[in-house]
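Source file: input_36.cif; contents: mmCIF, C-alpha atoms.
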```cif
data_query
loop_
_atom_site.label_atom_id
_atom_site.label_comp_id
_atom_site.auth_asym_id
_atom_site.auth_seq_id
_atom_site.Cartn_x
_atom_site.Cartn_y
_atom_site.Cartn_z
CA MET A 166 81.21 122.98 98.33
CA ASN A 167 79.61 126.37 99.03
CA HIS A 168 80.71 128.24 102.12
CA PRO A 169 78.18 130.97 102.94
CA PRO A 170 79.23 133.80 105.20
CA SER A 171 78.99 133.11 108.90
CA PRO A 172 75.63 134.19 110.40
CA SER A 173 77.62 136.09 112.99
CA ALA A 174 79.38 138.20 110.37
CA ARG A 175 78.52 141.86 110.66
CA THR A 176 76.48 143.55 107.98
CA HIS A 177 78.70 145.24 105.44
CA ARG A 178 78.68 146.61 101.91
CA PRO A 179 80.97 144.34 99.90
CA ARG A 180 82.76 145.44 96.76
CA ALA A 181 80.75 144.07 93.83
CA VAL A 182 81.37 144.06 90.09
CA LEU A 183 78.95 143.54 87.21
CA ALA A 184 79.99 140.79 84.78
CA MET A 185 77.61 140.37 81.85
CA ASP A 186 77.14 141.72 78.37
CA ALA A 187 75.65 145.14 77.69
CA ASP A 188 72.38 143.75 76.35
CA SER A 189 71.84 141.75 79.54
CA ARG A 190 72.48 144.74 81.75
CA ALA A 191 70.11 146.89 79.72
CA ALA A 192 67.37 144.23 79.80
CA VAL A 193 67.65 143.03 83.39
CA LEU A 194 69.09 145.88 85.44
CA ASP A 195 66.95 148.97 85.14
CA GLU A 196 67.66 152.11 87.16
CA ARG A 197 65.62 150.87 90.10
CA ALA A 198 67.50 147.57 90.20
CA LEU A 199 70.88 149.28 89.95
CA LEU A 200 69.92 151.68 92.73
CA ARG A 201 69.06 148.77 95.02
CA LEU A 202 72.25 146.89 94.19
CA ARG A 203 74.28 150.02 94.93
CA SER A 204 72.52 150.39 98.28
CA LEU A 205 73.69 146.89 99.20
CA ALA A 206 77.20 146.88 97.74
CA ARG A 207 79.93 149.19 96.58
CA LEU A 208 79.29 148.84 92.87
CA ASP A 209 80.18 151.01 89.89
CA PRO A 210 77.22 150.73 87.49
CA ASP A 211 79.34 152.04 84.63
CA LEU A 212 81.90 149.24 84.92
CA LEU A 213 80.73 146.22 82.97
CA VAL A 214 83.15 143.31 82.69
CA THR A 215 82.94 141.05 79.66
CA ASP A 216 86.63 140.09 79.73
CA PHE A 217 88.25 139.33 83.07
CA THR A 218 91.69 140.11 81.63
CA ALA A 219 90.75 143.62 80.46
CA PRO A 220 93.21 146.14 82.00
CA GLU A 221 90.43 148.62 82.84
CA ALA A 222 88.77 146.02 85.07
CA ALA A 223 91.89 144.89 86.92
CA ALA A 224 91.67 147.20 89.95
CA ALA A 225 87.98 146.54 90.59
CA LEU A 226 88.36 142.77 90.18
CA ARG A 227 91.23 142.68 92.68
CA GLU A 228 88.87 144.09 95.31
CA ALA A 229 85.70 142.30 94.23
CA GLU A 230 84.07 140.17 96.93
CA VAL A 231 80.91 139.58 94.87
CA LEU A 232 80.36 139.17 91.16
CA VAL A 233 76.89 140.07 89.92
CA THR A 234 76.77 138.05 86.72
CA GLY A 235 74.38 137.55 83.83
CA TRP A 236 74.13 136.37 80.25
CA GLY A 237 77.40 137.05 78.49
CA CYS A 238 79.61 136.62 81.55
CA PRO A 239 82.86 134.83 80.65
CA PRO A 240 83.68 131.54 82.43
CA LEU A 241 85.34 131.70 85.83
CA THR A 242 88.50 129.89 84.82
CA ALA A 243 91.54 129.43 87.04
CA GLN A 244 93.20 132.30 85.17
CA ALA A 245 90.22 134.58 85.80
CA LEU A 246 89.98 133.59 89.46
CA ALA A 247 93.63 134.45 89.98
CA LEU A 248 92.72 138.04 89.15
CA MET A 249 90.04 138.08 91.88
CA PRO A 250 91.75 137.09 95.16
CA ALA A 251 88.95 138.54 97.33
CA LEU A 252 86.06 136.88 95.48
CA ARG A 253 83.71 134.97 97.78
CA ALA A 254 80.31 134.93 96.05
CA VAL A 255 78.61 134.88 92.66
CA VAL A 256 75.09 136.28 92.30
CA HIS A 257 73.76 135.24 88.88
CA THR A 258 70.88 137.26 87.42
CA ALA A 259 69.93 134.50 84.99
CA GLY A 260 69.14 130.78 85.16
CA THR A 261 71.77 128.08 84.81
CA VAL A 262 75.36 128.72 85.88
CA LYS A 263 76.76 125.81 83.88
CA GLY A 264 78.48 128.05 81.36
CA LEU A 265 79.90 130.25 84.11
CA MET A 266 81.11 127.95 86.88
CA THR A 267 84.16 125.83 86.10
CA GLU A 268 85.74 123.11 88.21
CA ALA A 269 88.28 125.67 89.38
CA ALA A 270 85.48 127.97 90.52
CA TRP A 271 83.81 125.23 92.54
CA GLU A 272 87.14 124.23 94.07
CA ARG A 273 87.57 127.84 95.17
CA GLY A 274 84.58 127.30 97.49
CA LEU A 275 82.56 130.24 96.18
CA SER A 276 79.01 130.76 97.39
CA VAL A 277 76.82 130.75 94.28
CA THR A 278 73.20 131.67 93.70
CA SER A 279 71.12 132.11 90.57
CA ALA A 280 67.75 133.51 89.56
CA ALA A 281 66.69 130.14 88.13
CA GLU A 282 63.75 129.96 90.52
CA ALA A 283 62.49 133.35 89.37
CA ASN A 284 63.07 132.43 85.74
CA ALA A 285 61.01 129.26 86.18
CA ARG A 286 57.82 131.16 86.91
CA PRO A 287 57.02 132.56 83.44
CA VAL A 288 57.88 129.22 81.81
CA ALA A 289 55.45 127.45 84.12
CA GLU A 290 52.79 130.09 83.52
CA TYR A 291 53.19 129.75 79.74
CA THR A 292 52.94 125.97 80.10
CA VAL A 293 49.75 126.01 82.14
CA ALA A 294 48.18 128.48 79.72
CA ALA A 295 49.17 126.13 76.89
CA ILE A 296 47.62 123.15 78.70
CA VAL A 297 44.33 125.00 79.22
CA PHE A 298 44.24 126.19 75.61
CA ALA A 299 45.12 122.72 74.29
CA ASN A 300 42.27 121.03 76.13
CA LYS A 301 39.90 123.81 75.06
CA ARG A 302 40.87 123.07 71.44
CA ILE A 303 41.75 126.71 70.87
CA LEU A 304 43.67 126.09 67.64
CA ASP A 305 40.81 124.18 66.06
CA ALA A 306 38.07 126.49 67.31
CA ALA A 307 39.85 129.70 66.27
CA ARG A 308 40.51 128.35 62.79
CA ALA A 309 36.96 127.07 62.35
CA TYR A 310 35.51 130.38 63.52
CA ALA A 311 37.73 132.34 61.14
CA GLU A 312 36.67 130.14 58.25
CA ALA A 313 32.96 130.13 59.06
CA ARG A 314 32.64 133.76 60.22
CA ALA A 315 29.35 132.66 61.75
CA GLN A 316 28.04 131.08 64.94
CA LEU A 317 29.54 127.65 65.64
CA ASP A 318 28.47 124.79 67.91
CA PRO A 319 31.70 123.96 69.82
CA LEU A 320 30.11 121.01 71.65
CA ARG A 321 29.08 119.37 68.38
CA LEU A 322 32.44 120.07 66.79
CA TYR A 323 34.55 119.13 69.81
CA PRO A 324 32.53 116.85 72.12
CA ALA A 325 35.57 116.13 74.32
CA ILE A 326 36.48 119.80 74.79
CA GLY A 327 37.43 120.96 78.29
CA ASN A 328 39.93 120.60 81.14
CA TYR A 329 37.86 118.75 83.72
CA ARG A 330 39.31 115.33 84.58
CA ARG A 331 41.97 115.58 81.93
CA THR A 332 45.32 113.86 82.41
CA VAL A 333 48.50 115.90 82.19
CA GLY A 334 51.85 114.14 81.94
CA VAL A 335 54.83 116.09 83.26
CA VAL A 336 58.18 114.84 81.98
CA GLY A 337 60.73 115.94 84.56
CA ALA A 338 60.06 117.08 88.14
CA SER A 339 62.52 119.90 87.63
CA ARG A 340 62.20 123.37 89.11
CA ILE A 341 59.86 124.33 86.26
CA GLY A 342 58.09 120.97 86.28
CA ARG A 343 57.33 121.36 89.99
CA ARG A 344 56.07 124.88 89.44
CA VAL A 345 53.72 123.59 86.73
CA ILE A 346 52.46 120.91 89.14
CA GLU A 347 51.89 123.57 91.79
CA LEU A 348 49.89 125.78 89.41
CA LEU A 349 47.83 122.81 88.22
CA ARG A 350 46.56 122.18 91.76
CA SER A 351 43.78 124.69 91.16
CA TYR A 352 42.56 122.63 88.17
CA ASP A 353 40.60 119.37 88.26
CA VAL A 354 43.22 117.38 86.39
CA GLU A 355 45.17 114.21 87.09
CA VAL A 356 48.94 114.75 86.99
CA LEU A 357 51.35 111.99 86.03
CA VAL A 358 55.10 112.49 86.42
CA TYR A 359 58.06 110.71 84.93
CA ASP A 360 61.39 111.49 86.59
CA PRO A 361 63.94 108.81 87.50
CA TYR A 362 65.25 111.02 90.33
CA LEU A 363 61.88 111.54 91.99
CA ASP A 364 61.34 109.31 95.01
CA ARG A 365 58.00 108.02 96.25
CA GLN A 366 57.86 110.34 99.25
CA ASP A 367 58.54 113.42 97.12
CA ALA A 368 55.89 112.36 94.60
CA ALA A 369 53.36 111.96 97.39
CA ALA A 370 54.18 115.44 98.67
CA LEU A 371 53.67 116.83 95.18
CA GLY A 372 50.32 115.03 94.90
CA VAL A 373 51.23 113.32 91.63
CA GLU A 374 51.32 109.77 90.33
CA GLN A 375 54.74 108.45 89.37
CA THR A 376 54.78 106.41 86.23
CA THR A 377 57.00 105.19 83.43
CA LEU A 378 57.54 107.34 80.38
CA ASP A 379 55.67 104.75 78.30
CA GLN A 380 52.62 104.92 80.55
CA LEU A 381 52.76 108.70 80.74
CA ALA A 382 52.80 109.01 76.95
CA PHE A 383 49.99 106.47 76.58
CA ARG A 384 47.65 107.88 79.25
CA SER A 385 48.06 111.67 78.97
CA ASP A 386 45.86 114.11 77.11
CA VAL A 387 48.72 116.60 77.31
CA VAL A 388 52.42 115.78 77.66
CA THR A 389 54.62 118.67 78.78
CA VAL A 390 58.42 118.45 78.78
CA HIS A 391 60.53 119.89 81.62
CA ALA A 392 63.62 117.68 81.77
CA PRO A 393 67.16 119.10 81.54
CA GLU A 394 69.22 118.94 78.37
CA LEU A 395 71.85 116.28 79.03
CA PRO A 396 73.52 113.71 76.76
CA GLU A 397 71.26 111.01 78.20
CA THR A 398 68.07 113.03 77.62
CA ARG A 399 68.56 113.60 73.91
CA HIS A 400 65.39 112.35 72.18
CA LEU A 401 63.98 111.40 75.57
CA LEU A 402 60.66 111.46 73.75
CA ASP A 403 61.63 109.32 70.79
CA ALA A 404 59.61 107.85 67.93
CA ARG A 405 58.28 105.03 70.11
CA HIS A 406 57.05 107.30 72.89
CA ILE A 407 55.46 109.71 70.42
CA ALA A 408 53.67 106.82 68.73
CA LEU A 409 52.28 105.78 72.13
CA MET A 410 50.54 109.14 72.59
CA ARG A 411 46.77 108.91 72.19
CA ASP A 412 45.06 110.37 69.13
CA GLY A 413 44.32 114.07 69.64
CA ALA A 414 46.86 114.46 72.46
CA THR A 415 49.05 117.55 72.67
CA LEU A 416 52.82 117.73 73.18
CA ILE A 417 54.14 120.91 74.82
CA ASN A 418 57.86 121.62 74.85
CA THR A 419 59.26 124.64 76.69
CA ALA A 420 62.49 122.89 77.73
CA ARG A 421 64.95 122.13 74.93
CA GLY A 422 64.27 121.01 71.38
CA SER A 423 66.74 118.13 71.58
CA LEU A 424 64.58 116.32 74.14
CA VAL A 425 62.07 115.46 71.40
CA ASP A 426 62.68 113.56 68.17
CA THR A 427 61.54 116.35 65.87
CA GLU A 428 61.44 114.15 62.76
CA ALA A 429 59.22 111.57 64.43
CA LEU A 430 56.96 114.23 65.93
CA THR A 431 56.63 116.01 62.60
CA ALA A 432 55.28 112.87 60.93
CA HIS A 433 52.49 112.59 63.52
CA LEU A 434 51.71 116.30 63.27
CA VAL A 435 51.55 116.26 59.47
CA SER A 436 49.10 113.35 59.66
CA GLY A 437 46.94 115.40 62.03
CA ARG A 438 46.99 112.69 64.70
CA LEU A 439 48.64 114.88 67.37
CA TYR A 440 48.80 118.53 68.36
CA ALA A 441 51.87 120.45 69.52
CA ILE A 442 52.72 123.72 71.23
CA LEU A 443 56.44 124.21 70.77
CA ASP A 444 58.45 127.08 72.20
CA VAL A 445 61.69 125.25 71.43
CA THR A 446 62.63 123.01 68.53
CA ASP A 447 65.59 121.08 67.14
CA PRO A 448 67.23 122.87 65.45
CA ASP A 449 66.55 126.05 67.44
CA VAL A 450 65.20 127.69 64.28
CA LEU A 451 63.48 125.26 61.96
CA PRO A 452 64.27 125.32 58.24
CA ALA A 453 62.10 127.72 56.28
CA ASP A 454 60.41 124.80 54.52
CA SER A 455 59.44 122.99 57.71
CA PRO A 456 55.74 122.07 57.64
CA LEU A 457 55.44 122.94 61.34
CA TYR A 458 55.20 126.65 60.53
CA ASP A 459 51.91 126.15 58.66
CA LEU A 460 50.19 123.17 60.24
CA PRO A 461 46.84 124.11 61.81
CA ASN A 462 47.43 121.74 64.74
CA VAL A 463 50.77 123.30 65.70
CA LEU A 464 51.53 126.49 67.58
CA LEU A 465 55.16 127.58 67.26
CA THR A 466 56.54 130.40 69.41
CA PRO A 467 60.11 131.78 69.18
CA HIS A 468 61.46 130.78 72.60
CA ILE A 469 59.37 133.27 74.55
CA ALA A 470 58.29 131.14 77.53
CA GLY A 471 61.22 132.25 79.69
CA SER A 472 61.68 135.66 81.26
CA LEU A 473 61.22 138.52 78.80
CA GLY A 474 60.27 142.17 79.07
CA THR A 475 58.77 143.01 82.44
CA GLU A 476 59.56 139.51 83.71
CA LEU A 477 63.28 140.26 83.55
CA THR A 478 62.96 142.68 86.45
CA ARG A 479 61.95 139.70 88.60
CA LEU A 480 65.42 138.27 87.97
CA ALA A 481 67.00 141.50 89.15
CA ASP A 482 64.81 141.51 92.26
CA ALA A 483 65.76 137.92 93.01
CA ALA A 484 69.46 138.72 92.66
CA ALA A 485 69.14 141.78 94.90
CA ASP A 486 67.32 139.73 97.52
CA GLU A 487 70.19 137.26 97.56
CA LEU A 488 72.79 140.02 97.77
CA ASP A 489 70.86 141.46 100.69
CA ARG A 490 71.06 138.12 102.47
CA TYR A 491 74.78 137.96 101.83
CA THR A 492 75.39 141.40 103.33
CA ARG A 493 73.50 140.30 106.46
CA GLY A 494 75.63 137.21 106.86
CA LEU A 495 72.89 134.79 105.78
CA ALA A 496 73.14 131.82 103.45
CA PHE A 497 71.67 132.25 100.00
CA ALA A 498 68.03 131.21 99.75
CA HIS A 499 68.64 129.72 96.31
CA ALA A 500 72.20 128.45 96.58
CA VAL A 501 73.48 126.41 93.65
CA GLN A 502 75.19 123.15 94.56
CA PRO A 503 77.68 121.67 92.09
CA THR A 504 76.42 118.13 92.69
CA ALA A 505 72.96 119.11 91.41
CA LEU A 506 74.23 120.53 88.11
CA SER A 507 74.89 117.08 86.64
CA ARG A 508 71.11 116.49 86.43
CA SER A 509 69.72 120.00 86.05
CA ALA A 510 69.35 122.44 83.19
#
```
Transcribe the structure of this file into structure tokens.
Amino acid sequence: MNHPPSPSARTHRPRAVLAMDADSRAAVLDERALLRLRSLARLDPDLLVTDFTAPEAAAALREAEVLVTGWGCPPLTAQALALMPALRAVVHTAGTVKGLMTEAAWERGLSVTSAAEANARPVAEYTVAAIVFANKRILDAARAYAEARAQLDPLRLYPAIGNYRRTVGVVGASRIGRRVIELLRSYDVEVLVYDPYLDRQDAAALGVEQTTLDQLAFRSDVVTVHAPELPETRHLLDARHIALMRDGATLINTARGSLVDTEALTAHLVSGRLYAILDVTDPDVLPADSPLYDLPNVLLTPHIAGSLGTELTRLADAAADELDRYTRGLAFAHAVQPTALSRSA
């Protein structure tokens, strides 16, 4: 259980240590971000811990009250925690903390926060852009225009083109799934949601219709996947669900490739019956001879929906905001609870 600092605690500058790989620091923590972190905590920007047992890190880790972590941070094992007797909080500059937090770390009662909320935004933005493009038949229209190199009649070619009164099926009311739903409120679309953990009251608050996965697949013009990768969600969209999708529907996957039966989906894409916009696949990199690279009804992107480039500075800002709350004796705004990790990404 997390134990945030008491609200009555006085503001202070805790000793903090960076724990992430060099590429993560270079990508996420620019000079501005490091300057802000140093204004909030006593932090040596030149000390970067990638091995908690490294002798050069021993003195700093003994004093560390806060770890500012990121991609490449080693797990907080019992052995590692023994080297950090003063540690009270973990501020993660990336999304999930599953690879970082061990049972021993949770038992220690650390306060933990992550930038998962900030990282959800670009994924949701990519998804909504993909939904709009899918219903506008961008892949078809762009290819036809390139081939004709002359004026086309889109209405004659694609009489059902457009986003008005379309049905979007969201698989998983996760952090990203909810952000997609929020962004879709400005569009005239019907939103269906499948999520076994979503209750009726929450669905009503989101303004969506709860439905079964079968019904969602059958009724949606676009199906977008936002469920976590868990043993029970492997091939969540299996051959049967993919076969239920209506002719001309589009499948968008920005979650994890394993959630979709790639072999079954490929058969429907090769036939031309369905469309797909895939930022993730199973395997992560498809074989060079996969037909998905060349199909005109498929858009493949190399896992770019999440935070990249300028979007990475949002993660640093989110982490700094949380560190600021900690120094003022406030609970984290985006605290991570261990009980929620069993059904989250």
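Counting from atom CA of A:Leu357, the distance to atom CA of A:Val288 is 18.9 Å.
For the pair atom CA of A:Asp186 and atom CA of A:Gly237, the interatomic distance is 4.7 Å.
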Residue by residue, what does the PyMOL selection byres ((chain A and resi 356) around 7) grab here? Present the result as a VMD selection string. chain A and resid 332 to 334 354 to 355 357 to 358 373 to 374
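The space between atom CA of A:Leu199 and atom CA of A:Trp271 spans 27.4 Å.
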Taking the file as shown, what set of residues would the PyMOL selection byres ((chain A and resi 482) around 9) give back, as a ChimeraX atom specification? /A:198,201,258,280,283,477-481,483-487
The PyMOL selection byres ((chain A and resi 299-316) around 9) resolved against shown file, as an MDAnalysis selection string: chainID A and resid 294:298 317:319 322:323 325:328 331 386:387 414:415 440:442 461:464
Shell of 8 Å around stretch 222-231 of chain A, all atoms listed in the file, local chain residues under 3 positions omitted, as a short mmCIF file (atom, residue, chain, number, x, y, z; two decimals) with C-alpha atoms, in the frame of the given file:
```
data_model
loop_
_atom_site.label_atom_id
_atom_site.label_comp_id
_atom_site.auth_asym_id
_atom_site.auth_seq_id
_atom_site.Cartn_x
_atom_site.Cartn_y
_atom_site.Cartn_z
CA PRO A 179 80.97 144.34 99.90
CA ARG A 180 82.76 145.44 96.76
CA ALA A 181 80.75 144.07 93.83
CA VAL A 182 81.37 144.06 90.09
CA LEU A 212 81.90 149.24 84.92
CA VAL A 214 83.15 143.31 82.69
CA PHE A 217 88.25 139.33 83.07
CA THR A 218 91.69 140.11 81.63
CA ALA A 219 90.75 143.62 80.46
CA LEU A 248 92.72 138.04 89.15
CA MET A 249 90.04 138.08 91.88
CA PRO A 250 91.75 137.09 95.16
CA ALA A 251 88.95 138.54 97.33
CA LEU A 252 86.06 136.88 95.48
CA ARG A 253 83.71 134.97 97.78
CA ALA A 254 80.31 134.93 96.05
CA VAL A 255 78.61 134.88 92.66
CA VAL A 256 75.09 136.28 92.30
#
```
Since fewer atoms than expected are present, regenerate N, CA, C and O atoms for stretch 241-263 of chain A and write them as a compact mmCIF listing (two decimals), in the frame of the given file.
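Below you can see out.txt, which holds the result:
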```
# COMPACT_ATOMS: atom_id res chain seq x y z
N LEU A 241 84.43 131.44 84.72
CA LEU A 241 85.34 131.70 85.83
C LEU A 241 86.44 130.63 85.83
O LEU A 241 86.41 129.67 86.60
N THR A 242 87.39 130.82 84.94
CA THR A 242 88.50 129.89 84.82
C THR A 242 89.52 130.15 85.93
O THR A 242 89.44 131.16 86.65
N ALA A 243 90.48 129.25 86.05
CA ALA A 243 91.54 129.43 87.04
C ALA A 243 92.29 130.74 86.79
O ALA A 243 92.66 131.45 87.73
N GLN A 244 92.52 131.06 85.52
CA GLN A 244 93.20 132.30 85.17
C GLN A 244 92.39 133.51 85.62
O GLN A 244 92.93 134.46 86.19
N ALA A 245 91.08 133.46 85.39
CA ALA A 245 90.22 134.58 85.80
C ALA A 245 90.17 134.70 87.32
O ALA A 245 90.25 135.80 87.88
N LEU A 246 90.07 133.57 88.00
CA LEU A 246 89.98 133.59 89.46
C LEU A 246 91.24 134.14 90.10
O LEU A 246 91.19 134.78 91.16
N ALA A 247 92.37 133.92 89.45
CA ALA A 247 93.63 134.45 89.98
C ALA A 247 93.63 135.97 90.02
O ALA A 247 94.36 136.57 90.81
N LEU A 248 92.81 136.58 89.20
CA LEU A 248 92.72 138.04 89.15
C LEU A 248 91.75 138.59 90.19
O LEU A 248 91.62 139.79 90.34
N MET A 249 91.05 137.68 90.90
CA MET A 249 90.04 138.08 91.88
C MET A 249 90.30 137.41 93.23
O MET A 249 89.56 136.54 93.67
N PRO A 250 91.37 137.77 93.91
CA PRO A 250 91.75 137.09 95.16
C PRO A 250 90.74 137.24 96.28
O PRO A 250 90.69 136.41 97.18
N ALA A 251 89.92 138.29 96.25
CA ALA A 251 88.95 138.54 97.33
C ALA A 251 87.57 137.96 97.04
O ALA A 251 86.67 138.06 97.88
N LEU A 252 87.39 137.34 95.88
CA LEU A 252 86.06 136.88 95.48
C LEU A 252 85.54 135.78 96.39
O LEU A 252 86.23 134.78 96.65
N ARG A 253 84.33 135.95 96.89
CA ARG A 253 83.71 134.97 97.78
C ARG A 253 82.35 134.49 97.27
O ARG A 253 81.87 133.44 97.67
N ALA A 254 81.69 135.29 96.43
CA ALA A 254 80.31 134.93 96.05
C ALA A 254 80.01 135.35 94.62
O ALA A 254 80.55 136.34 94.11
N VAL A 255 79.11 134.58 94.00
CA VAL A 255 78.61 134.88 92.66
C VAL A 255 77.10 134.96 92.74
O VAL A 255 76.44 134.00 93.18
N VAL A 256 76.54 136.09 92.33
CA VAL A 256 75.09 136.28 92.30
C VAL A 256 74.69 136.38 90.82
O VAL A 256 74.97 137.39 90.16
N HIS A 257 74.06 135.34 90.32
CA HIS A 257 73.76 135.24 88.88
C HIS A 257 72.34 135.73 88.62
O HIS A 257 71.38 135.22 89.22
N THR A 258 72.19 136.68 87.72
CA THR A 258 70.88 137.26 87.42
C THR A 258 70.14 136.51 86.33
O THR A 258 69.15 137.02 85.79
N ALA A 259 70.60 135.31 86.00
CA ALA A 259 69.93 134.50 84.99
C ALA A 259 69.69 133.10 85.57
O ALA A 259 69.71 132.93 86.79
N GLY A 260 69.48 132.12 84.69
CA GLY A 260 69.14 130.78 85.16
C GLY A 260 70.36 129.93 85.45
O GLY A 260 71.03 130.10 86.47
N THR A 261 70.68 129.02 84.56
CA THR A 261 71.77 128.08 84.81
C THR A 261 73.13 128.77 84.92
O THR A 261 73.38 129.78 84.24
N VAL A 262 74.00 128.20 85.75
CA VAL A 262 75.36 128.72 85.88
C VAL A 262 76.37 127.76 85.24
O VAL A 262 77.57 127.88 85.45
N LYS A 263 75.87 126.80 84.47
CA LYS A 263 76.76 125.81 83.88
C LYS A 263 77.84 126.42 83.00
O LYS A 263 78.98 125.95 82.99
```
